[in-house]
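Asks: Data file target04.cif (mmCIF, C-alpha atoms) is appended below.
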```
data_my_file
#
loop_
_atom_site.group_PDB
_atom_site.id
_atom_site.type_symbol
_atom_site.label_atom_id
_atom_site.label_comp_id
_atom_site.auth_asym_id
_atom_site.auth_seq_id
_atom_site.Cartn_x
_atom_site.Cartn_y
_atom_site.Cartn_z
ATOM 1 C CA GLN Y 30 219.383 150.602 100.166
ATOM 2 C CA ASN Y 31 222.508 149.746 102.134
ATOM 3 C CA LEU Y 32 220.566 150.175 105.371
ATOM 4 C CA ASN Y 33 221.396 146.833 106.963
ATOM 5 C CA GLN Y 34 223.004 143.459 106.220
ATOM 6 C CA LYS Y 35 219.930 142.272 104.333
ATOM 7 C CA THR Y 36 219.980 145.192 101.884
ATOM 8 C CA ARG Y 37 223.747 145.763 101.822
ATOM 9 C CA ARG Y 38 225.188 146.026 98.328
ATOM 10 C CA LYS Y 39 228.669 144.989 97.253
ATOM 11 C CA ASP Y 40 228.823 146.933 93.990
ATOM 12 C CA TYR Y 41 228.525 150.421 95.531
ATOM 13 C CA LEU Y 42 228.859 152.247 98.856
ATOM 14 C CA ARG Y 43 226.391 154.499 100.631
ATOM 15 C CA GLY Y 44 222.842 155.036 99.463
ATOM 16 C CA PHE Y 45 220.264 157.012 97.560
ATOM 17 C CA VAL Y 46 216.729 158.337 97.812
ATOM 18 C CA LEU Y 47 213.832 158.190 95.380
ATOM 19 C CA TYR Y 48 211.354 161.063 95.186
ATOM 20 C CA GLY Y 49 208.058 159.988 93.665
ATOM 21 C CA HIS Y 50 205.902 162.265 91.558
ATOM 22 C CA GLY Y 51 202.652 161.723 89.703
ATOM 23 C CA SER Y 52 200.844 163.861 87.163
ATOM 24 C CA ARG Y 53 198.291 163.907 84.412
ATOM 25 C CA GLY Y 54 199.746 165.106 81.151
ATOM 26 C CA ARG Y 55 197.912 167.227 78.613
ATOM 27 C CA ARG Y 56 196.093 165.438 75.833
ATOM 28 C CA ASN Y 57 197.432 167.849 73.228
ATOM 29 C CA GLY Y 58 201.149 168.300 73.654
ATOM 30 C CA ASP Y 59 201.612 170.206 70.380
ATOM 31 C CA PRO Y 60 203.262 173.525 71.350
ATOM 32 C CA GLN Y 61 202.291 175.105 68.006
ATOM 33 C CA ALA Y 62 198.602 174.253 68.192
ATOM 34 C CA PHE Y 63 196.067 177.078 68.585
ATOM 35 C CA GLY Y 64 192.391 177.836 68.428
ATOM 36 C CA GLY Y 65 189.300 176.721 70.278
ATOM 37 C CA ALA Y 66 189.968 172.996 69.961
ATOM 38 C CA TYR Y 67 193.435 173.473 71.413
ATOM 39 C CA LYS Y 68 192.032 175.543 74.283
ATOM 40 C CA ASP Y 69 189.461 172.841 75.016
ATOM 41 C CA SER Y 70 192.177 170.169 74.979
ATOM 42 C CA LEU Y 71 194.055 172.023 77.718
ATOM 43 C CA THR Y 72 191.123 171.589 80.088
ATOM 44 C CA THR Y 73 190.982 167.821 79.565
ATOM 45 C CA PRO Y 74 193.726 166.066 81.525
ATOM 46 C CA GLY Y 75 195.606 163.200 79.950
ATOM 47 C CA ALA Y 76 196.516 159.827 81.393
ATOM 48 C CA TRP Y 77 198.105 159.481 84.818
ATOM 49 C CA THR Y 78 201.824 158.854 84.977
ATOM 50 C CA PHE Y 79 204.100 158.272 87.937
ATOM 51 C CA GLY Y 80 207.853 158.428 88.140
ATOM 52 C CA PHE Y 81 210.834 158.710 90.420
ATOM 53 C CA THR Y 82 213.685 161.152 90.606
ATOM 54 C CA ALA Y 83 216.729 159.643 92.307
ATOM 55 C CA PHE Y 84 219.509 161.348 94.235
ATOM 56 C CA GLY Y 85 222.591 159.514 95.490
ATOM 57 C CA GLU Y 86 225.730 160.397 97.360
ATOM 58 C CA THR Y 87 228.877 161.163 95.419
ATOM 59 C CA LEU Y 88 231.839 159.792 97.336
ATOM 60 C CA PRO Y 89 234.652 162.170 98.257
ATOM 61 C CA ASN Y 90 237.438 161.885 95.710
ATOM 62 C CA TYR Y 91 240.711 163.751 96.081
ATOM 63 C CA GLU Y 92 240.957 164.012 92.285
ATOM 64 C CA ASN Y 93 237.700 166.014 92.164
ATOM 65 C CA ARG Y 94 238.839 169.554 92.759
ATOM 66 C CA VAL Y 95 238.629 173.251 91.954
ATOM 67 C CA THR Y 96 241.795 175.090 90.928
ATOM 68 C CA LEU Y 97 242.599 178.590 89.717
ATOM 69 C CA ASP Y 98 243.690 179.350 86.149
ATOM 70 C CA TYR Y 99 245.955 182.396 86.298
ATOM 71 C CA GLU Y 100 246.211 182.454 82.496
ATOM 72 C CA ARG Y 101 242.457 183.147 82.155
ATOM 73 C CA LEU Y 102 241.282 186.168 84.119
ATOM 74 C CA ASP Y 103 237.762 187.488 84.614
ATOM 75 C CA PRO Y 104 236.834 191.146 83.905
ATOM 76 C CA PHE Y 105 238.090 192.103 87.386
ATOM 77 C CA GLY Y 106 241.501 190.517 86.810
ATOM 78 C CA LEU Y 107 240.825 187.505 89.030
ATOM 79 C CA PRO Y 108 241.798 183.985 87.941
ATOM 80 C CA GLN Y 109 239.035 181.785 86.516
ATOM 81 C CA LEU Y 110 237.869 178.703 88.392
ATOM 82 C CA VAL Y 111 238.640 175.348 86.805
ATOM 83 C CA LEU Y 112 236.373 172.495 87.874
ATOM 84 C CA ASP Y 113 237.859 169.027 87.492
ATOM 85 C CA VAL Y 114 235.056 166.724 88.617
ATOM 86 C CA GLN Y 115 233.692 163.408 87.427
ATOM 87 C CA PHE Y 116 231.573 160.573 88.731
ATOM 88 C CA GLY Y 117 233.388 157.381 89.645
ATOM 89 C CA GLU Y 118 232.534 153.708 89.360
ATOM 90 C CA ASN Y 119 230.598 153.824 92.638
ATOM 91 C CA GLU Y 120 228.226 156.504 91.344
ATOM 92 C CA HIS Y 121 227.693 154.697 88.023
ATOM 93 C CA ASN Y 122 226.874 151.434 89.828
ATOM 94 C CA MET Y 123 224.500 153.259 92.151
ATOM 95 C CA ARG Y 124 222.680 154.798 89.156
ATOM 96 C CA LYS Y 125 221.998 151.330 87.754
ATOM 97 C CA GLU Y 126 220.493 150.276 91.077
ATOM 98 C CA MET Y 127 218.389 153.454 91.256
ATOM 99 C CA SER Y 128 216.733 152.456 87.992
ATOM 100 C CA CYS Y 129 216.228 148.808 89.010
ATOM 101 C CA ALA Y 130 214.850 149.759 92.438
ATOM 102 C CA SER Y 131 212.417 152.238 90.879
ATOM 103 C CA ALA Y 132 211.027 149.590 88.524
ATOM 104 C CA GLU Y 133 210.785 147.026 91.322
ATOM 105 C CA ILE Y 134 208.816 149.406 93.552
ATOM 106 C CA LEU Y 135 206.378 150.338 90.791
ATOM 107 C CA GLU Y 136 205.838 146.745 89.654
ATOM 108 C CA THR Y 137 205.325 145.574 93.247
ATOM 109 C CA ALA Y 138 202.754 148.355 93.690
ATOM 110 C CA GLY Y 139 200.841 147.080 90.653
ATOM 111 C CA PHE Y 140 201.802 149.690 88.073
ATOM 112 C CA ARG Y 141 201.677 148.637 84.425
ATOM 113 C CA ASN Y 142 203.772 149.737 81.452
ATOM 114 C CA VAL Y 143 206.797 150.385 83.678
ATOM 115 C CA GLU Y 144 209.737 151.807 81.757
ATOM 116 C CA THR Y 145 213.122 152.755 83.148
ATOM 117 C CA TYR Y 146 215.644 155.203 81.823
ATOM 118 C CA ASN Y 147 219.158 156.213 82.684
ATOM 119 C CA ARG Y 148 219.353 159.858 81.714
ATOM 120 C CA HIS Y 149 222.894 161.096 81.201
ATOM 121 C CA SER Y 150 223.973 163.175 84.164
ATOM 122 C CA GLU Y 151 227.096 165.157 84.921
ATOM 123 C CA PRO Y 152 228.367 166.384 88.273
ATOM 124 C CA GLY Y 153 226.857 169.758 89.023
ATOM 125 C CA LEU Y 154 223.405 169.273 87.510
ATOM 126 C CA SER Y 155 221.684 168.650 90.833
ATOM 127 C CA ILE Y 156 223.803 169.601 93.797
ATOM 128 C CA HIS Y 157 224.426 171.661 96.845
ATOM 129 C CA GLU Y 158 227.902 173.117 96.396
ATOM 130 C CA MET Y 159 230.161 171.581 98.986
ATOM 131 C CA GLY Y 160 233.730 170.704 99.818
ATOM 132 C CA ALA Y 161 235.742 173.684 98.560
ATOM 133 C CA ALA Y 162 237.221 174.306 102.031
ATOM 134 C CA ARG Y 163 237.644 170.883 103.613
ATOM 135 C CA MET Y 164 237.136 170.625 107.376
ATOM 136 C CA GLY Y 165 239.717 168.728 109.413
ATOM 137 C CA ASN Y 166 242.264 168.808 112.217
ATOM 138 C CA ASN Y 167 245.355 169.002 110.004
ATOM 139 C CA PRO Y 168 246.046 172.428 108.438
ATOM 140 C CA LYS Y 169 248.135 170.710 105.736
ATOM 141 C CA THR Y 170 245.137 168.756 104.424
ATOM 142 C CA SER Y 171 242.210 170.999 105.373
ATOM 143 C CA VAL Y 172 241.182 174.648 105.290
ATOM 144 C CA LEU Y 173 238.784 174.706 108.258
ATOM 145 C CA ASP Y 174 239.099 173.348 111.770
ATOM 146 C CA ARG Y 175 236.366 171.452 113.641
ATOM 147 C CA TRP Y 176 234.613 174.745 114.464
ATOM 148 C CA SER Y 177 234.344 175.803 110.781
ATOM 149 C CA ARG Y 178 237.110 178.330 111.451
ATOM 150 C CA MET Y 179 239.962 178.830 108.994
ATOM 151 C CA HIS Y 180 243.235 177.357 110.220
ATOM 152 C CA GLU Y 181 245.216 180.295 108.824
ATOM 153 C CA ILE Y 182 242.801 183.106 109.776
ATOM 154 C CA PRO Y 183 241.260 182.316 113.177
ATOM 155 C CA ASN Y 184 238.596 185.044 113.059
ATOM 156 C CA VAL Y 185 237.078 183.822 109.752
ATOM 157 C CA PHE Y 186 234.370 181.154 109.866
ATOM 158 C CA ALA Y 187 232.798 179.378 106.886
ATOM 159 C CA THR Y 188 229.527 177.816 107.964
ATOM 160 C CA ASP Y 189 228.099 176.790 104.618
ATOM 161 C CA GLY Y 190 228.718 173.477 102.858
ATOM 162 C CA SER Y 191 232.296 174.240 101.898
ATOM 163 C CA GLY Y 192 233.680 172.323 104.872
ATOM 164 C CA MET Y 193 231.742 169.150 104.055
ATOM 165 C CA CYS Y 194 233.501 166.837 101.613
ATOM 166 C CA SER Y 195 230.473 164.647 101.173
ATOM 167 C CA ASN Y 196 226.779 164.639 101.805
ATOM 168 C CA GLY Y 197 224.252 161.877 101.895
ATOM 169 C CA TRP Y 198 221.411 162.022 99.455
ATOM 170 C CA GLY Y 199 219.324 164.479 101.461
ATOM 171 C CA ASN Y 200 219.189 168.246 101.508
ATOM 172 C CA PRO Y 201 222.065 169.488 103.717
ATOM 173 C CA SER Y 202 220.485 172.814 104.717
ATOM 174 C CA LEU Y 203 219.710 171.728 108.286
ATOM 175 C CA THR Y 204 223.302 170.558 108.662
ATOM 176 C CA TYR Y 205 224.494 173.990 107.488
ATOM 177 C CA MET Y 206 222.278 175.596 110.130
ATOM 178 C CA ALA Y 207 223.628 173.273 112.817
ATOM 179 C CA LEU Y 208 227.234 174.006 111.805
ATOM 180 C CA THR Y 209 226.459 177.736 111.913
ATOM 181 C CA ALA Y 210 224.882 177.541 115.380
ATOM 182 C CA ARG Y 211 227.845 175.495 116.626
ATOM 183 C CA ALA Y 212 230.388 177.913 115.139
ATOM 184 C CA CYS Y 213 228.557 180.936 116.566
ATOM 185 C CA ASP Y 214 228.460 179.383 120.028
ATOM 186 C CA PHE Y 215 232.183 178.679 119.817
ATOM 187 C CA ALA Y 216 232.953 182.188 118.484
ATOM 188 C CA VAL Y 217 230.985 183.858 121.290
ATOM 189 C CA GLY Y 218 232.905 181.808 123.847
ATOM 190 C CA GLU Y 219 236.214 182.757 122.222
ATOM 191 C CA MET Y 220 235.225 186.437 122.119
ATOM 192 C CA LYS Y 221 234.354 186.388 125.814
ATOM 193 C CA LYS Y 222 237.842 184.999 126.489
ATOM 194 C CA ARG Y 223 239.293 187.727 124.205
ATOM 195 C CA ASN Y 224 240.738 185.069 121.881
ATOM 196 C CA LEU Y 225 239.021 186.598 118.846
#
```
Could you express the structure from this file as structure tokens?

Replies:
Amino acid sequence: QNLNQKTRRKDYLRGFVLYGHGSRGRRNGDPQAFGGAYKDSLTTPGAWTFGFTAFGETLPNYENRVTLDYERLDPFGLPQLVLDVQFGENEHNMRKEMSCASAEILETAGFRNVETYNRHSEPGLSIHEMGAARMGNNPKTSVLDRWSRMHEIPNVFATDGSGMCSNGWGNPSLTYMALTARACDFAVGEMKKRNL
């Protein structure tokens, strides 16, 4: 979705991915069943089902943040983290389209008995932690510079997802690796110049 003018949506920005999965359930789903008949039922697969799991981008939102609560300390005397995060209108609109697109794909493929659902989801249930140390050129609005180096401590690099305020729907691990390789190359160059 949102790949070109033909598929562009006006009710949400960015896009999502659908991961398909099929399986054959067990005929006897009773968790308290026992005995020979139950054992036999486990070797007889049930009907085929197919479904989608959808992942979409959560837009960066300045109001989504992590702060420290100095009134609540952990066992080591450190302040507790307070997460203030919620999905916005864009994410809710995208979820509706995820469900509609899933049904459309299955019906077009000839599936029968297509049912959709919109399972309640909260931020943090399916994520790669990102954005706690925003990357940018301005030290007043970001923690890291373009090389993943802290503005205030030039010999500290953070090459995980903390510098990324947003991520598309895909797994960001390769991006983390690329940021790490880039930061290492920069750090080696700075060390050779005796700047680190």

Asks: List, as a ChimeraX atom specification, every residue that the PyMOL selection byres ((chain Y and resi 68-84) around 8) selects in the file provided.

Replies: /Y:45-57,63-67,85-86,127,131,198-199

Asks: Could you name the residues that touch Y:Ala212 at 12 Å or less, counting only C-alpha atoms, but leaving out those on the same chain fewer than 5 positions away, as a PyMOL selection string?

Replies: chain Y and resi 173-179+183-189+205-207+217-219

Asks: Please write the residues picked by the PyMOL selection byres ((chain Y and resi 89) around 10) on this file as a list in words.

Replies: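 For this structure, the PyMOL selection byres ((chain Y and resi 89) around 10) resolves to Glu86, Thr87, Leu88, Asn90, Tyr91, Glu92, Asn93, Gly117, Gly160, Met193, Cys194, Ser195 and Asn196 of chain Y.
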
Asks: Let me see the file: selected residues, C-alpha atoms, as an mmCIF file, in the frame of the given file.

Replies:
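The result, stored in selection.cif:
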```
data_model
loop_
_atom_site.group_PDB
_atom_site.id
_atom_site.type_symbol
_atom_site.label_atom_id
_atom_site.label_comp_id
_atom_site.auth_asym_id
_atom_site.auth_seq_id
_atom_site.Cartn_x
_atom_site.Cartn_y
_atom_site.Cartn_z
ATOM 1 C CA GLU Y 86 225.730 160.397 97.360
ATOM 2 C CA THR Y 87 228.877 161.163 95.419
ATOM 3 C CA LEU Y 88 231.839 159.792 97.336
ATOM 4 C CA ASN Y 90 237.438 161.885 95.710
ATOM 5 C CA TYR Y 91 240.711 163.751 96.081
ATOM 6 C CA GLU Y 92 240.957 164.012 92.285
ATOM 7 C CA ASN Y 93 237.700 166.014 92.164
ATOM 8 C CA GLY Y 117 233.388 157.381 89.645
ATOM 9 C CA GLY Y 160 233.730 170.704 99.818
ATOM 10 C CA MET Y 193 231.742 169.150 104.055
ATOM 11 C CA CYS Y 194 233.501 166.837 101.613
ATOM 12 C CA SER Y 195 230.473 164.647 101.173
ATOM 13 C CA ASN Y 196 226.779 164.639 101.805
#
```

Asks: Please enumerate the residues selected by the PyMOL selection byres ((chain Y and resi 112) around 8) when evaluated against the supplied file, formatted as a ChimeraX atom specification.

Replies: /Y:93-96,110-111,113-114

Asks: Could you tell me which of Y:Met123, Y:Ile182, Y:Leu203, Y:Leu154 comes closest to Y:Pro168 if we count all atoms listed in the file?

Replies: Y:Ile182
